[in-house]
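Participant: If it helps, the file is called entry-v4.pdb and holds PDB, C-alpha atoms:
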```pdb
ATOM      1  CA  MET A  26      31.083  -4.392   4.687
ATOM      2  CA  ALA A  27      29.113  -7.613   4.512
ATOM      3  CA  ASP A  28      27.434  -9.163   7.526
ATOM      4  CA  LYS A  29      29.966 -10.805   9.796
ATOM      5  CA  ILE A  30      30.260 -14.565   9.841
ATOM      6  CA  THR A  31      30.056 -15.599  13.464
ATOM      7  CA  SER A  32      30.183 -19.387  13.335
ATOM      8  CA  PRO A  33      31.857 -22.225  11.407
ATOM      9  CA  ASP A  34      28.420 -23.405  10.282
ATOM     10  CA  GLN A  35      27.716 -20.051   8.648
ATOM     11  CA  LEU A  36      31.060 -20.190   6.869
ATOM     12  CA  LYS A  37      30.395 -23.745   5.703
ATOM     13  CA  ALA A  38      26.933 -22.785   4.423
ATOM     14  CA  LEU A  39      28.381 -19.851   2.498
ATOM     15  CA  ALA A  40      31.083 -22.045   0.960
ATOM     16  CA  GLU A  41      28.543 -24.680  -0.067
ATOM     17  CA  LYS A  42      26.315 -22.050  -1.654
ATOM     18  CA  ALA A  43      29.242 -20.599  -3.606
ATOM     19  CA  LYS A  44      30.329 -24.075  -4.718
ATOM     20  CA  ALA A  45      26.826 -24.867  -5.930
ATOM     21  CA  GLY A  46      26.675 -21.609  -7.822
ATOM     22  CA  ILE A  47      29.998 -22.237  -9.530
ATOM     23  CA  ASP A  48      28.909 -25.755 -10.481
ATOM     24  CA  LEU A  49      25.703 -24.421 -12.048
ATOM     25  CA  ARG A  50      27.805 -21.962 -14.045
ATOM     26  CA  SER A  51      30.032 -24.600 -15.621
ATOM     27  CA  GLY A  52      28.327 -24.605 -19.036
ATOM     28  CA  ARG A  53      25.369 -26.388 -20.581
ATOM     29  CA  LYS A  54      24.686 -29.887 -19.353
ATOM     30  CA  GLU A  55      22.540 -32.716 -20.650
ATOM     31  CA  THR A  56      19.469 -31.390 -18.866
ATOM     32  CA  GLN A  57      18.748 -27.674 -19.055
ATOM     33  CA  VAL A  58      16.385 -25.684 -16.890
ATOM     34  CA  THR A  59      15.476 -22.304 -18.379
ATOM     35  CA  VAL A  60      13.611 -19.748 -16.291
ATOM     36  CA  HIS A  61      11.796 -17.141 -18.374
ATOM     37  CA  MET A  62      12.707 -13.651 -17.300
ATOM     38  CA  GLY A  63      10.928 -11.101 -19.406
ATOM     39  CA  THR A  64       9.349  -8.135 -17.634
ATOM     40  CA  CYS A  65       6.259 -10.273 -17.003
ATOM     41  CA  GLY A  66       8.278 -13.106 -15.495
ATOM     42  CA  ILE A  67      10.346 -10.816 -13.295
ATOM     43  CA  ALA A  68       7.240  -9.036 -12.006
ATOM     44  CA  ALA A  69       5.670 -12.427 -11.242
ATOM     45  CA  GLY A  70       8.654 -13.674  -9.219
ATOM     46  CA  ALA A  71      11.086 -15.299 -11.668
ATOM     47  CA  ARG A  72      14.096 -14.231  -9.596
ATOM     48  CA  GLU A  73      12.869 -16.287  -6.655
ATOM     49  CA  ILE A  74      12.277 -19.230  -8.986
ATOM     50  CA  VAL A  75      15.904 -19.132 -10.164
ATOM     51  CA  ALA A  76      16.990 -19.076  -6.522
ATOM     52  CA  ALA A  77      14.661 -21.992  -5.737
ATOM     53  CA  PHE A  78      16.094 -24.075  -8.599
ATOM     54  CA  MET A  79      19.631 -23.277  -7.432
ATOM     55  CA  THR A  80      18.775 -24.402  -3.926
ATOM     56  CA  GLU A  81      16.908 -27.555  -4.928
ATOM     57  CA  LEU A  82      19.395 -28.685  -7.583
ATOM     58  CA  ALA A  83      22.186 -28.368  -5.035
ATOM     59  CA  ALA A  84      20.175 -29.936  -2.203
ATOM     60  CA  ASN A  85      19.270 -32.939  -4.339
ATOM     61  CA  GLY A  86      22.739 -33.369  -5.775
ATOM     62  CA  VAL A  87      21.619 -32.869  -9.373
ATOM     63  CA  SER A  88      24.900 -32.393 -11.221
ATOM     64  CA  SER A  89      23.546 -33.252 -14.676
ATOM     65  CA  ALA A  90      21.450 -30.091 -15.034
ATOM     66  CA  SER A  91      22.416 -26.520 -15.789
ATOM     67  CA  LEU A  92      20.371 -23.426 -15.063
ATOM     68  CA  HIS A  93      19.681 -20.740 -17.675
ATOM     69  CA  GLN A  94      17.438 -17.753 -18.291
ATOM     70  CA  SER A  95      15.629 -16.415 -21.313
ATOM     71  CA  GLY A  96      13.162 -13.675 -22.133
ATOM     72  CA  CYS A  97       9.394 -13.722 -22.304
ATOM     73  CA  ALA A  98       7.987 -16.882 -23.882
ATOM     74  CA  GLY A  99       4.722 -15.196 -24.861
ATOM     75  CA  LEU A 100       2.638 -16.846 -22.152
ATOM     76  CA  CYS A 101       2.686 -13.992 -19.656
ATOM     77  CA  GLU A 102      -0.349 -15.228 -17.751
ATOM     78  CA  GLN A 103       1.571 -18.418 -16.882
ATOM     79  CA  GLU A 104       4.513 -16.613 -15.265
ATOM     80  CA  PRO A 105       6.640 -17.408 -13.442
ATOM     81  CA  MET A 106       7.486 -20.313 -15.712
ATOM     82  CA  ALA A 107      10.381 -22.562 -16.624
ATOM     83  CA  THR A 108      11.223 -24.916 -19.462
ATOM     84  CA  VAL A 109      13.007 -28.198 -18.778
ATOM     85  CA  THR A 110      14.881 -29.641 -21.763
ATOM     86  CA  MET A 111      15.970 -33.248 -21.373
ATOM     87  CA  ALA A 112      18.966 -34.969 -22.956
ATOM     88  CA  ASP A 113      16.783 -36.457 -25.705
ATOM     89  CA  GLY A 114      15.555 -32.998 -26.682
ATOM     90  CA  SER A 115      12.098 -33.339 -25.175
ATOM     91  CA  THR A 116      10.843 -30.171 -23.524
ATOM     92  CA  TYR A 117       8.470 -29.613 -20.629
ATOM     93  CA  ARG A 118       7.064 -26.165 -19.884
ATOM     94  CA  TYR A 119       5.984 -25.529 -16.309
ATOM     95  CA  GLY A 120       3.886 -22.502 -15.312
ATOM     96  CA  LEU A 121       2.606 -20.583 -12.306
ATOM     97  CA  LEU A 122       5.601 -21.770 -10.315
ATOM     98  CA  ASP A 123       6.443 -21.234  -6.680
ATOM     99  CA  LYS A 124       9.155 -22.617  -4.415
ATOM    100  CA  ASP A 125       7.181 -25.707  -3.459
ATOM    101  CA  LYS A 126       6.435 -26.561  -7.078
ATOM    102  CA  VAL A 127      10.108 -26.140  -7.959
ATOM    103  CA  GLN A 128      11.045 -28.597  -5.223
ATOM    104  CA  THR A 129       8.515 -31.101  -6.552
ATOM    105  CA  ILE A 130       9.768 -30.683 -10.136
ATOM    106  CA  VAL A 131      13.386 -31.212  -9.129
ATOM    107  CA  VAL A 132      12.624 -34.261  -7.022
ATOM    108  CA  ASN A 133      10.093 -35.948  -9.325
ATOM    109  CA  HIS A 134      11.275 -34.898 -12.778
ATOM    110  CA  LEU A 135      14.990 -34.078 -12.646
ATOM    111  CA  VAL A 136      15.852 -36.752 -10.088
ATOM    112  CA  GLY A 137      13.032 -39.260 -10.570
ATOM    113  CA  GLY A 138      12.560 -38.871 -14.310
ATOM    114  CA  THR A 139       8.795 -38.391 -14.151
ATOM    115  CA  PRO A 140       7.411 -35.056 -15.355
ATOM    116  CA  VAL A 141       4.973 -33.365 -12.982
ATOM    117  CA  GLU A 142       1.835 -33.343 -15.121
ATOM    118  CA  ALA A 143      -0.131 -31.124 -12.745
ATOM    119  CA  TYR A 144       2.251 -28.192 -13.235
ATOM    120  CA  LEU A 145       2.728 -28.488 -17.000
ATOM    121  CA  ILE A 146       1.239 -25.735 -19.138
ATOM    122  CA  LYS A 147      -1.578 -27.058 -21.271
ATOM    123  CA  THR A 148      -1.516 -25.399 -24.691
TER     124      THR A 148
ATOM    125  CA  MET B  27       7.591  -4.054  -9.927
ATOM    126  CA  HIS B  28       8.154  -4.032  -6.178
ATOM    127  CA  ASP B  29      11.598  -2.482  -6.079
ATOM    128  CA  LEU B  30      14.496  -1.098  -8.096
ATOM    129  CA  SER B  31      16.418  -4.363  -8.100
ATOM    130  CA  LEU B  32      13.666  -5.897 -10.249
ATOM    131  CA  TYR B  33      13.885  -3.050 -12.757
ATOM    132  CA  LEU B  34      17.637  -3.652 -12.751
ATOM    133  CA  LEU B  35      17.090  -7.342 -13.469
ATOM    134  CA  ASP B  36      14.849  -6.420 -16.396
ATOM    135  CA  ILE B  37      17.463  -4.093 -17.911
ATOM    136  CA  LEU B  38      20.199  -6.694 -17.437
ATOM    137  CA  GLU B  39      18.015  -9.190 -19.297
ATOM    138  CA  ASN B  40      17.705  -6.705 -22.166
ATOM    139  CA  SER B  41      21.505  -6.501 -22.392
ATOM    140  CA  VAL B  42      21.860 -10.284 -22.308
ATOM    141  CA  ARG B  43      19.269 -10.711 -25.033
ATOM    142  CA  ALA B  44      21.051  -8.092 -27.141
ATOM    143  CA  GLY B  45      24.163 -10.275 -27.109
ATOM    144  CA  ALA B  46      26.368  -8.308 -24.737
ATOM    145  CA  THR B  47      29.482  -9.980 -23.344
ATOM    146  CA  VAL B  48      30.249  -7.266 -20.769
ATOM    147  CA  ILE B  49      27.559  -5.592 -18.661
ATOM    148  CA  ALA B  50      28.374  -2.893 -16.123
ATOM    149  CA  THR B  51      26.000  -1.742 -13.381
ATOM    150  CA  THR B  52      26.567   1.447 -11.405
ATOM    151  CA  ILE B  53      24.368   2.627  -8.523
ATOM    152  CA  VAL B  54      25.203   5.896  -6.775
ATOM    153  CA  ALA B  55      23.529   7.516  -3.794
ATOM    154  CA  ASP B  56      24.377  11.219  -3.410
ATOM    155  CA  ARG B  57      22.774  12.276  -0.164
ATOM    156  CA  ALA B  58      23.789  15.939  -0.393
ATOM    157  CA  ALA B  59      22.109  16.200  -3.793
ATOM    158  CA  ASP B  60      19.209  13.964  -2.658
ATOM    159  CA  ARG B  61      19.734  11.803  -5.707
ATOM    160  CA  LEU B  62      19.850   8.093  -6.416
ATOM    161  CA  SER B  63      21.083   7.118  -9.854
ATOM    162  CA  MET B  64      21.404   3.792 -11.571
ATOM    163  CA  ALA B  65      23.105   2.989 -14.869
ATOM    164  CA  VAL B  66      23.463  -0.214 -16.871
ATOM    165  CA  GLU B  67      25.698  -0.218 -19.924
ATOM    166  CA  ASP B  68      26.949  -2.978 -22.183
ATOM    167  CA  ASP B  69      29.124  -3.809 -25.165
ATOM    168  CA  GLY B  70      26.235  -5.097 -27.280
ATOM    169  CA  PRO B  71      25.128  -3.712 -30.640
ATOM    170  CA  GLY B  72      23.350  -0.746 -29.064
ATOM    171  CA  LEU B  73      19.797   0.412 -29.602
ATOM    172  CA  PRO B  74      18.300  -0.674 -32.919
ATOM    173  CA  VAL B  75      15.927   2.305 -32.844
ATOM    174  CA  GLU B  76      15.786   5.917 -31.712
ATOM    175  CA  PRO B  77      15.844   6.266 -27.890
ATOM    176  CA  GLU B  78      12.320   7.646 -27.689
ATOM    177  CA  GLN B  79      10.995   4.640 -29.604
ATOM    178  CA  ALA B  80      12.741   2.279 -27.174
ATOM    179  CA  LEU B  81      10.764   3.913 -24.365
ATOM    180  CA  ASP B  82       7.442   3.463 -26.137
ATOM    181  CA  PRO B  83       5.425   0.778 -24.275
ATOM    182  CA  PHE B  84       3.929  -0.338 -27.573
ATOM    183  CA  PHE B  85       7.291  -0.970 -29.194
ATOM    184  CA  THR B  86       9.358  -4.140 -28.842
ATOM    185  CA  THR B  87      12.077  -5.890 -30.814
ATOM    186  CA  LYS B  88      10.552  -9.281 -30.012
ATOM    187  CA  GLN B  89       8.655 -11.086 -32.740
ATOM    188  CA  HIS B  90       5.970 -12.697 -30.599
ATOM    189  CA  LYS B  91       4.962  -9.636 -28.578
ATOM    190  CA  LYS B  92       3.284  -6.306 -29.183
ATOM    191  CA  THR B  93       4.424  -4.463 -26.084
ATOM    192  CA  GLY B  94       7.768  -3.601 -24.495
ATOM    193  CA  LEU B  95       6.950  -2.521 -20.991
ATOM    194  CA  GLY B  96      10.249  -2.842 -19.144
ATOM    195  CA  LEU B  97      11.903   0.488 -19.893
ATOM    196  CA  SER B  98       8.672   2.448 -19.983
ATOM    197  CA  LEU B  99       7.631   1.127 -16.563
ATOM    198  CA  PHE B 100      11.037   2.005 -15.131
ATOM    199  CA  ARG B 101      10.824   5.511 -16.592
ATOM    200  CA  GLN B 102       7.380   5.950 -15.087
ATOM    201  CA  ALA B 103       8.664   4.876 -11.656
ATOM    202  CA  ALA B 104      11.661   7.219 -11.910
ATOM    203  CA  GLU B 105       9.528  10.173 -12.978
ATOM    204  CA  ALA B 106       7.069   9.508 -10.156
ATOM    205  CA  ALA B 107       9.986   9.942  -7.752
ATOM    206  CA  GLY B 108      11.105  13.246  -9.271
ATOM    207  CA  GLY B 109      13.615  11.777 -11.705
ATOM    208  CA  GLY B 110      13.825  10.420 -15.195
ATOM    209  CA  LEU B 111      15.328   7.815 -17.487
ATOM    210  CA  THR B 112      17.373   8.047 -20.658
ATOM    211  CA  VAL B 113      18.773   5.530 -23.093
ATOM    212  CA  ASP B 114      21.772   6.212 -25.317
ATOM    213  CA  ARG B 115      25.131   4.764 -26.324
ATOM    214  CA  SER B 116      27.739   3.772 -23.732
ATOM    215  CA  ASP B 117      30.933   5.828 -24.025
ATOM    216  CA  GLU B 118      32.929   3.181 -22.189
ATOM    217  CA  LEU B 119      31.590  -0.092 -23.616
ATOM    218  CA  GLY B 120      30.108   1.005 -26.932
ATOM    219  CA  GLY B 121      26.705  -0.650 -26.564
ATOM    220  CA  ALA B 122      23.490   0.537 -25.010
ATOM    221  CA  ARG B 123      23.328   2.579 -21.823
ATOM    222  CA  VAL B 124      20.277   3.032 -19.628
ATOM    223  CA  ARG B 125      20.429   5.711 -16.953
ATOM    224  CA  ALA B 126      17.759   6.371 -14.363
ATOM    225  CA  TRP B 127      17.753   8.818 -11.503
ATOM    226  CA  MET B 128      15.319   9.917  -8.808
ATOM    227  CA  ARG B 129      15.100  11.818  -5.545
ATOM    228  CA  LEU B 130      16.656   9.696  -2.850
ATOM    229  CA  THR B 131      14.171  10.772  -0.173
ATOM    230  CA  ASP B 132      11.100  10.993  -2.396
ATOM    231  CA  ILE B 133       8.151   9.230  -0.811
ATOM    232  CA  ASP B 134       7.434   7.558  -4.147
ATOM    233  CA  ARG B 135      10.960   6.209  -4.638
ATOM    234  CA  PRO B 136      10.781   2.433  -4.790
ATOM    235  CA  PRO B 137      13.021   0.663  -2.285
ATOM    236  CA  LEU B 138      16.339  -0.513  -3.654
ATOM    237  CA  GLY B 139      15.543  -4.175  -3.026
ATOM    238  CA  ASP B 140      17.945  -7.073  -3.337
ATOM    239  CA  VAL B 141      20.448  -5.926  -5.954
ATOM    240  CA  ALA B 142      22.790  -8.778  -5.063
ATOM    241  CA  ALA B 143      20.042 -11.326  -5.783
ATOM    242  CA  SER B 144      19.314  -9.773  -9.177
ATOM    243  CA  LEU B 145      22.989  -9.828 -10.097
ATOM    244  CA  ALA B 146      23.428 -13.373  -8.788
ATOM    245  CA  THR B 147      20.470 -14.510 -10.887
ATOM    246  CA  MET B 148      22.010 -13.153 -14.072
ATOM    247  CA  ILE B 149      25.532 -14.340 -13.261
ATOM    248  CA  VAL B 150      24.457 -17.914 -12.528
ATOM    249  CA  THR B 151      22.311 -18.196 -15.649
ATOM    250  CA  ASN B 152      24.765 -16.428 -17.982
ATOM    251  CA  PRO B 153      28.228 -17.729 -17.090
ATOM    252  CA  GLU B 154      29.749 -16.552 -20.367
ATOM    253  CA  ILE B 155      29.043 -12.875 -19.631
ATOM    254  CA  GLU B 156      31.303 -10.590 -17.600
ATOM    255  CA  PHE B 157      29.358  -8.595 -15.037
ATOM    256  CA  ARG B 158      30.852  -5.506 -13.389
ATOM    257  CA  VAL B 159      29.304  -3.720 -10.440
ATOM    258  CA  VAL B 160      29.965  -0.398  -8.726
ATOM    259  CA  VAL B 161      27.892   0.899  -5.830
ATOM    260  CA  ASP B 162      28.639   4.210  -4.145
ATOM    261  CA  ASP B 163      26.955   5.631  -1.060
ATOM    262  CA  ASP B 164      28.183   9.200  -0.573
ATOM    263  CA  GLY B 165      31.732   8.325  -1.602
ATOM    264  CA  SER B 166      31.850   4.939   0.113
ATOM    265  CA  ARG B 167      32.457   2.844  -2.967
ATOM    266  CA  THR B 168      32.411  -0.899  -3.629
ATOM    267  CA  SER B 169      33.660  -2.061  -7.000
ATOM    268  CA  LEU B 170      33.346  -5.662  -8.176
ATOM    269  CA  CYS B 171      34.706  -7.038 -11.419
ATOM    270  CA  GLY B 172      36.379 -10.177 -12.697
ATOM    271  CA  PRO B 173      35.682 -13.850 -12.048
ATOM    272  CA  ASP B 174      35.202 -13.485  -8.294
ATOM    273  CA  VAL B 175      32.143 -11.204  -8.553
ATOM    274  CA  PRO B 176      29.714 -13.999  -7.573
ATOM    275  CA  LEU B 177      31.711 -14.704  -4.432
ATOM    276  CA  ARG B 178      31.809 -11.024  -3.443
ATOM    277  CA  LEU B 179      28.157 -10.091  -3.896
ATOM    278  CA  SER B 180      27.692 -10.192  -0.130
ATOM    279  CA  GLU B 181      29.745  -6.977  -0.060
ATOM    280  CA  LEU B 182      26.650  -5.198  -1.410
ATOM    281  CA  VAL B 183      24.572  -6.017   1.656
ATOM    282  CA  SER B 184      25.360  -2.883   3.681
ATOM    283  CA  PHE B 185      24.671  -0.673   0.641
ATOM    284  CA  GLN B 186      21.322  -2.355   0.193
ATOM    285  CA  LYS B 187      20.415  -1.964   3.843
ATOM    286  CA  ALA B 188      21.288   1.738   3.795
ATOM    287  CA  LEU B 189      18.971   2.356   0.843
ATOM    288  CA  ALA B 190      16.190  -0.069   1.698
TER     289      ALA B 190
END
```
Can the structure from this file be put into structure tokens for me?
Facilitator:
Amino acid sequence: MADKITSPDQLKALAEKAKAGIDLRSGRKETQVTVHMGTCGIAAGAREIVAAFMTELAANGVSSASLHQSGCAGLCEQEPMATVTMADGSTYRYGLLDKDKVQTIVVNHLVGGTPVEAYLIKT
Amino acid sequence: MHDLSLYLLDILENSVRAGATVIATTIVADRAADRLSMAVEDDGPGLPVEPEQALDPFFTTKQHKKTGLGLSLFRQAAEAAGGGLTVDRSDELGGARVRAWMRLTDIDRPPLGDVAASLATMIVTNPEIEFRVVVDDDGSRTSLCGPDVPLRLSELVSFQKALA
């Protein structure tokens, strides 16, 4: 048995979360966010980064982006990392992510259109 | 890895990368036998190499890497808790099958962790794949399959708490 829902607010929150998850699952969109989930990424916290992107994309009403995962990108020391691919095909690879950085990336880059230079991986 | 749900996530990623379209996860706690077992099987192409080679930490199918640590780390964790890990072909789905087991009460058994979060992560990022889940705690079984799996993952919470 799951935990009991004891208030309308809890039920509403659960419904909103499910709705956001279904929306993110509705195929590739013009902007794609790919979280790298090889063994290195998972050990470094990639699962929490996926959850953070889900939360922030929903919270900021970003309906033009879809969320994906892939394996190790070969830059294990930069994990957890994510690649943002824009509609024009340009790609931005962010490394050493945490929840706060994800929020900044969603707000500044995916909503505002300005990549967050400080978090980009320099290669 | 902190807990078993992260090893599970790693194995699920292997199945996704192999091109599976159906991935089934089974976790069973048998308290009388003091055994916790976990299996992930898929309908992908199966192992491209002999099972023992797949468990070699210095073997990987990826072009840009020289190590494949996921399965070997999981085997090490299982063996440390009095168990083991095997890889072979799935009878039911025809692809690869990874099975791990360990003593349920072993002091070195990693905690189960957030299995629902690992499954949710893979479901959200791989909408084209069918995920099936069975968890069983001494005969108390929860089985999830079909399109409503993401909406029913909360049903795994009590199982997770019992095996934390």
Participant: Hey, what's within 9 Å of A:Ile74 if we count only C-alpha atoms and toss same-chain stuff fewer than 2 positions away? As a list in words, please?
Facilitator: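 What passes the distance filter is Val60, Gly70, Ala71, Arg72, Ala76, Ala77, Phe78, Met79, Pro105, Met106, Ala107, Leu122, Asp123, Lys124 and Val127 of chain A.
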Participant: Residue by residue, what does the PyMOL selection byres ((chain B and resi 70-84) around 9) grab here? Present the result as an MDAnalysis selection string.
Facilitator: chainID B and resid 41:42 44:49 67:69 85:87 92:99 101 112:116 119:123
Participant: Quick one, how far is atom CA of B:Glu156 from atom CA of B:Glu118?
Facilitator: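 Between atom CA of B:Glu156 and atom CA of B:Glu118 the gap is 14.6 Å.
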Participant: Go through chain B residue by residue and, counting all atoms listed in the file, keep those with an atom at most 7 Å from chain A; for each kept residue give the shortest atom pair and its distance in Å to one decimal, ordered by chain and increasing number, as JSON lines.
Facilitator:
```
{"residue": "B:Met27", "atom": "CA", "partner": "A:Ala68", "partner_atom": "CA", "distance": 5.4}
{"residue": "B:Leu32", "atom": "CA", "partner": "A:Ile67", "partner_atom": "CA", "distance": 6.7}
{"residue": "B:Asp36", "atom": "CA", "partner": "A:Thr64", "partner_atom": "CA", "distance": 5.9}
{"residue": "B:His90", "atom": "CA", "partner": "A:Gly99", "partner_atom": "CA", "distance": 6.4}
{"residue": "B:Lys91", "atom": "CA", "partner": "A:Gly99", "partner_atom": "CA", "distance": 6.7}
{"residue": "B:Leu95", "atom": "CA", "partner": "A:Thr64", "partner_atom": "CA", "distance": 7.0}
{"residue": "B:Gly96", "atom": "CA", "partner": "A:Thr64", "partner_atom": "CA", "distance": 5.6}
{"residue": "B:Ser144", "atom": "CA", "partner": "A:Arg72", "partner_atom": "CA", "distance": 6.9}
{"residue": "B:Thr147", "atom": "CA", "partner": "A:Arg72", "partner_atom": "CA", "distance": 6.5}
{"residue": "B:Val150", "atom": "CA", "partner": "A:Arg50", "partner_atom": "CA", "distance": 5.5}
{"residue": "B:Thr151", "atom": "CA", "partner": "A:His93", "partner_atom": "CA", "distance": 4.2}
{"residue": "B:Asn152", "atom": "CA", "partner": "A:His93", "partner_atom": "CA", "distance": 6.7}
{"residue": "B:Pro153", "atom": "CA", "partner": "A:Arg50", "partner_atom": "CA", "distance": 5.2}
{"residue": "B:Leu177", "atom": "CA", "partner": "A:Ala43", "partner_atom": "CA", "distance": 6.4}
{"residue": "B:Ser180", "atom": "CA", "partner": "A:Ala27", "partner_atom": "CA", "distance": 5.5}
{"residue": "B:Glu181", "atom": "CA", "partner": "A:Ala27", "partner_atom": "CA", "distance": 4.7}
{"residue": "B:Leu182", "atom": "CA", "partner": "A:Ala27", "partner_atom": "CA", "distance": 6.9}
{"residue": "B:Val183", "atom": "CA", "partner": "A:Ala27", "partner_atom": "CA", "distance": 5.6}
{"residue": "B:Ser184", "atom": "CA", "partner": "A:Met26", "partner_atom": "CA", "distance": 6.0}
```
Participant: I need the residues from that last selection saved to file as a short mmCIF file (atom, residue, chain, number, x, y, z; two decimals), in the coordinates of the input (with C-alpha atoms), if you can.
Facilitator:
```
data_model
loop_
_atom_site.label_atom_id
_atom_site.label_comp_id
_atom_site.auth_asym_id
_atom_site.auth_seq_id
_atom_site.Cartn_x
_atom_site.Cartn_y
_atom_site.Cartn_z
CA MET B 27 7.59 -4.05 -9.93
CA LEU B 32 13.67 -5.90 -10.25
CA ASP B 36 14.85 -6.42 -16.40
CA HIS B 90 5.97 -12.70 -30.60
CA LYS B 91 4.96 -9.64 -28.58
CA LEU B 95 6.95 -2.52 -20.99
CA GLY B 96 10.25 -2.84 -19.14
CA SER B 144 19.31 -9.77 -9.18
CA THR B 147 20.47 -14.51 -10.89
CA VAL B 150 24.46 -17.91 -12.53
CA THR B 151 22.31 -18.20 -15.65
CA ASN B 152 24.76 -16.43 -17.98
CA PRO B 153 28.23 -17.73 -17.09
CA LEU B 177 31.71 -14.70 -4.43
CA SER B 180 27.69 -10.19 -0.13
CA GLU B 181 29.74 -6.98 -0.06
CA LEU B 182 26.65 -5.20 -1.41
CA VAL B 183 24.57 -6.02 1.66
CA SER B 184 25.36 -2.88 3.68
#
```
Participant: Any idea what the distance is between atom CA of B:Leu138 and atom CA of B:Lys187?
Facilitator: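 Going from atom CA of B:Leu138 over to atom CA of B:Lys187, I get 8.7 Å.
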Participant: Would you list the contacts of A:Tyr117 as a PyMOL selection string, taking every protein, DNA or RNA residue within 7 Å and counting all atoms listed in the file, but skipping same-chain residues closer than 3 positions in sequence?
Facilitator: chain A and resi 108-110+145
Participant: I need the residues from that last selection saved to file as a PDB file, keeping the file's coordinate frame (with C-alpha atoms), if you can.
Facilitator:
```pdb
ATOM      1  CA  THR A 108      11.223 -24.916 -19.462  1.00  0.00           C
ATOM      2  CA  VAL A 109      13.007 -28.198 -18.778  1.00  0.00           C
ATOM      3  CA  THR A 110      14.881 -29.641 -21.763  1.00  0.00           C
ATOM      4  CA  LEU A 145       2.728 -28.488 -17.000  1.00  0.00           C
TER       5      LEU A 145
END
```
Participant: Take the point (35.5, 0.6, -5.7) in the file's coordinates, draw a sphere of radius 6 Å around it, and report as number ranges by chain every protein, DNA or RNA residue with an atom inside or on it, counting only C-alpha atoms.
Facilitator: B: 167-169
Participant: With a distance cut-off of 6 Å and all atoms listed in the file, select the neighbouring residues of B:Asp140, excluding the residue or stretch itself and same-chain residues fewer than 2 positions from it, and output the selection as a PyMOL selection string.
Facilitator: chain B and resi 31+142-143
Participant: Which value, in Å to one decimal, gives the distance between atom CA of B:Asp117 and atom CA of B:Phe100?
Facilitator: 22.1 Å
Participant: Which is closer to A:Ala84 than all the others in A:Thr139, A:Thr56, A:Asn133, A:Gln128, using only C-alpha atoms?
Facilitator: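 Going through A:Thr139, A:Thr56, A:Asn133, A:Gln128 one by one, the smallest distance to A:Ala84 is for A:Gln128.
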Participant: Provide an axis-aligned box for all listed atoms of stretch 59-71 of chain B, padding each side by 5 Å; report its centre and its edge lengths in Å to one decimal, as AutoDock Vina command-line options.
Facilitator:
```
--center_x 24.2 --center_y 5.6 --center_z -16.6 --size_x 19.9 --size_y 31.3 --size_z 38.0
```
Participant: Quick one: which residues end up in the PyMOL selection byres ((chain B and resi 53) around 12) for this structure, as a ChimeraX atom specification?
Facilitator: /B:30-31,34,50-52,54-56,61-67,124-128,130,138,141,158-169,182,185-186,189
